[in-house]
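Just below is one structure, and these are the notes that go with it.
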Amino acid sequence: MSEMKTEERIFRHALEAFKKNVAEKVEIKVIDTQNFRTPDVRPDYLIQIITTHKQMDYIAEVKPTITKAHKLLLLMDKINRQLPHPLLLITRHVNADMAEQLRKDGVEFIDAAGNAYINRPPLYIFVKGNKPLEIEMPKHTPLKRAFNPTGLKVIYAFLCNKGLENKPYREIAAKTGIALGTITWIMYELRATGFLIDMEGRGKRLVHKDTLLKRWVTAYPERLKPKQMLGRFTGEPDWWRKKRMNLYNAQWGGEVAAAKLTHYLEPQIVTIYTEADQINKLIIDNRLRKDARGNVEIFMRFWTHNEAAKHENTVHPILIYADLVATGNERNIETARIIYDEHVVQCIGED
């Protein structure tokens, strides 16, 4: 079963389940997206929910599952993008805790189990606690290489280095530190998923970079970042303020990097990316103590040193943005939007 077919089944089941939540007669129309011309918005579906007293238009985003990162990206879209209609999340199942979070954040949703949050006065619906509906999902579908940890490293390099996708495979392998054979598979899958096109003798080009960035930001905190963790520590208050990480072949990430880039955020968590052979010196010089609940988190860098040197004391804005989104903190989300508008958007703009 293809991913698209699964999403279609979830969509259909969710609409039917939603109708049962509405006391009055309800009609749901699916609108052709071909005529939807809003720039930078590619909706899964456009729908109209029509009741006796109200017509509600939505841009529907269908996700087979909903994770914290998915929720945060939807929230950012809801708050920061100029959308002609509200967003409606449609998914297989929203558990009770996630339902409360979505309601609190004002993200409307319906799922195939009948759980829902709709807040369009006079219509208000909030249903949670229904068990997941058994919907046939793809079986034994291997995770694509492009969105495995190794693939995420390559995608990051492409997003940060304009035109790298058009270089010879050996050069891409050298730039990313990824085996040549793996690069071949990742390039094949980026073509298959529509993110890489051949331009008839004019080389290769990465396209739909805004969508690719979203997928990367969603996957990074779950599939790659945990594998890079070197440890969590505690230091003296504000020890980091006058420190330069390039002394340790390291860079600030997350909230500290965002504060240095925007002067807008007061960091609570100190994030550092470095090399494994530098961590002992970094810990000793800065009097850091191992602490599972500490506010200093150190990760192993997953990109090359030459690339790191371009940004000196902080990681690339794309990684700062991803680190902030992954926290779920409202102030961090606000700062992430600033970084996106001022720094990231120029990296993912189409030629």
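A note on labels: chains of the structure tokens are A, B, ... as shown, every chain counts residues from 1, and ligands are counted from 1 in their shown order.
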Polymer residues at most 10 Å from Asp277 in chain A, only C-alpha atoms, same-chain spacing of 6 or more positions, as JSON, numbers by chain: {"A": [248, 249, 300]}
At a cut-off of 10 Å, can you tabulate as JSON lines every residue of range 235-305 of chain A near range 148-160 of chain A together with its closest atom pair and the distance in Å to one decimal, using only C-alpha atoms and ordering rows by chain then number?
```
{"residue": "A:Phe302", "atom": "CA", "partner": "A:Lys153", "partner_atom": "CA", "distance": 6.7}
{"residue": "A:Trp303", "atom": "CA", "partner": "A:Lys153", "partner_atom": "CA", "distance": 7.1}
{"residue": "A:Thr304", "atom": "CA", "partner": "A:Ala157", "partner_atom": "CA", "distance": 9.2}
```
Export, as an mmCIF file, in the first residue's frame, the selected residues with C-alpha atoms.
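Resulting contents of result28.cif:
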```cif
data_model
loop_
_atom_site.group_PDB
_atom_site.id
_atom_site.type_symbol
_atom_site.label_atom_id
_atom_site.label_comp_id
_atom_site.auth_asym_id
_atom_site.auth_seq_id
_atom_site.Cartn_x
_atom_site.Cartn_y
_atom_site.Cartn_z
ATOM 1 C CA PHE A 302 27.634 15.794 11.906
ATOM 2 C CA TRP A 303 29.003 18.101 9.209
ATOM 3 C CA THR A 304 32.534 18.811 8.038
#
```
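Residues in contact range of Asn166 in chain A, defined as at most 8 Å between only C-alpha atoms, with sequence neighbours fewer than 4 positions away removed, read Gly203, Lys204 and Arg205 of chain A.
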Picked from range 48-252 of chain A by DSSP as strand (DSSP E), as JSON, numbers by chain: {"A": [48, 49, 50, 55, 56, 57, 58, 59, 60, 61, 62, 63, 87, 88, 89, 90, 91, 108, 109, 110, 111, 116, 117, 118, 119, 120, 123, 124, 125, 126, 127, 196, 197, 198, 204, 205, 206, 229, 230, 231, 232, 233, 234, 251, 252]}
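From CA of Leu180 in chain A back to CA of Gly349 in chain A, the distance works out to 27.7 Å.
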In range 86-235 of chain A, DSSP alpha helix (DSSP H) residues written as a PyMOL selection string: chain A and resi 96-105+149-160+169-176+180-192+209-219
Keeping only C-alpha atoms, take the residues you just selected and write them out as a PDB file, in the first residue's frame.
```pdb
ATOM      1  CA  ALA A  96      -5.560  12.436  24.876  1.00  0.00           C
ATOM      2  CA  ASP A  97      -2.379  14.287  25.862  1.00  0.00           C
ATOM      3  CA  MET A  98      -1.697  15.494  22.329  1.00  0.00           C
ATOM      4  CA  ALA A  99      -5.371  16.506  21.971  1.00  0.00           C
ATOM      5  CA  GLU A 100      -5.009  18.770  25.005  1.00  0.00           C
ATOM      6  CA  GLN A 101      -1.818  20.282  23.600  1.00  0.00           C
ATOM      7  CA  LEU A 102      -3.425  20.943  20.225  1.00  0.00           C
ATOM      8  CA  ARG A 103      -6.473  22.531  21.835  1.00  0.00           C
ATOM      9  CA  LYS A 104      -4.286  24.711  24.045  1.00  0.00           C
ATOM     10  CA  ASP A 105      -2.291  25.842  20.993  1.00  0.00           C
ATOM     11  CA  PRO A 149      20.330   9.555   9.842  1.00  0.00           C
ATOM     12  CA  THR A 150      22.888   9.344   7.026  1.00  0.00           C
ATOM     13  CA  GLY A 151      20.489  10.800   4.490  1.00  0.00           C
ATOM     14  CA  LEU A 152      19.587  13.635   6.856  1.00  0.00           C
ATOM     15  CA  LYS A 153      23.277  14.597   6.991  1.00  0.00           C
ATOM     16  CA  VAL A 154      23.385  14.805   3.182  1.00  0.00           C
ATOM     17  CA  ILE A 155      20.137  16.789   2.961  1.00  0.00           C
ATOM     18  CA  TYR A 156      21.494  19.214   5.560  1.00  0.00           C
ATOM     19  CA  ALA A 157      24.615  19.723   3.468  1.00  0.00           C
ATOM     20  CA  PHE A 158      22.476  20.384   0.364  1.00  0.00           C
ATOM     21  CA  LEU A 159      20.274  22.897   2.184  1.00  0.00           C
ATOM     22  CA  CYS A 160      23.298  24.720   3.597  1.00  0.00           C
ATOM     23  CA  TYR A 169      29.092  12.257  -6.409  1.00  0.00           C
ATOM     24  CA  ARG A 170      32.700  11.885  -5.244  1.00  0.00           C
ATOM     25  CA  GLU A 171      32.814  15.559  -4.323  1.00  0.00           C
ATOM     26  CA  ILE A 172      29.507  15.272  -2.441  1.00  0.00           C
ATOM     27  CA  ALA A 173      30.867  12.227  -0.598  1.00  0.00           C
ATOM     28  CA  ALA A 174      34.034  14.114   0.374  1.00  0.00           C
ATOM     29  CA  LYS A 175      32.062  17.181   1.457  1.00  0.00           C
ATOM     30  CA  THR A 176      29.648  15.221   3.645  1.00  0.00           C
ATOM     31  CA  LEU A 180      30.064   7.125  -2.254  1.00  0.00           C
ATOM     32  CA  GLY A 181      27.681   4.167  -2.620  1.00  0.00           C
ATOM     33  CA  THR A 182      25.324   5.668  -0.028  1.00  0.00           C
ATOM     34  CA  ILE A 183      25.370   9.007  -1.854  1.00  0.00           C
ATOM     35  CA  THR A 184      24.212   7.201  -4.995  1.00  0.00           C
ATOM     36  CA  TRP A 185      21.186   5.742  -3.198  1.00  0.00           C
ATOM     37  CA  ILE A 186      20.284   9.018  -1.498  1.00  0.00           C
ATOM     38  CA  MET A 187      20.397  10.899  -4.810  1.00  0.00           C
ATOM     39  CA  TYR A 188      18.196   8.213  -6.375  1.00  0.00           C
ATOM     40  CA  GLU A 189      15.612   8.570  -3.598  1.00  0.00           C
ATOM     41  CA  LEU A 190      15.628  12.368  -3.715  1.00  0.00           C
ATOM     42  CA  ARG A 191      14.760  12.049  -7.404  1.00  0.00           C
ATOM     43  CA  ALA A 192      12.055   9.473  -6.655  1.00  0.00           C
ATOM     44  CA  LYS A 209      13.297  23.107  -0.726  1.00  0.00           C
ATOM     45  CA  ASP A 210      10.721  24.606   1.632  1.00  0.00           C
ATOM     46  CA  THR A 211       8.988  21.220   1.851  1.00  0.00           C
ATOM     47  CA  LEU A 212      12.305  19.386   2.117  1.00  0.00           C
ATOM     48  CA  LEU A 213      13.330  21.656   4.994  1.00  0.00           C
ATOM     49  CA  LYS A 214      10.084  20.875   6.816  1.00  0.00           C
ATOM     50  CA  ARG A 215      10.674  17.159   6.438  1.00  0.00           C
ATOM     51  CA  TRP A 216      14.245  17.588   7.655  1.00  0.00           C
ATOM     52  CA  VAL A 217      13.214  19.658  10.677  1.00  0.00           C
ATOM     53  CA  THR A 218      10.564  17.061  11.533  1.00  0.00           C
ATOM     54  CA  ALA A 219      12.942  14.094  11.231  1.00  0.00           C
TER      55      ALA A 219
END
```
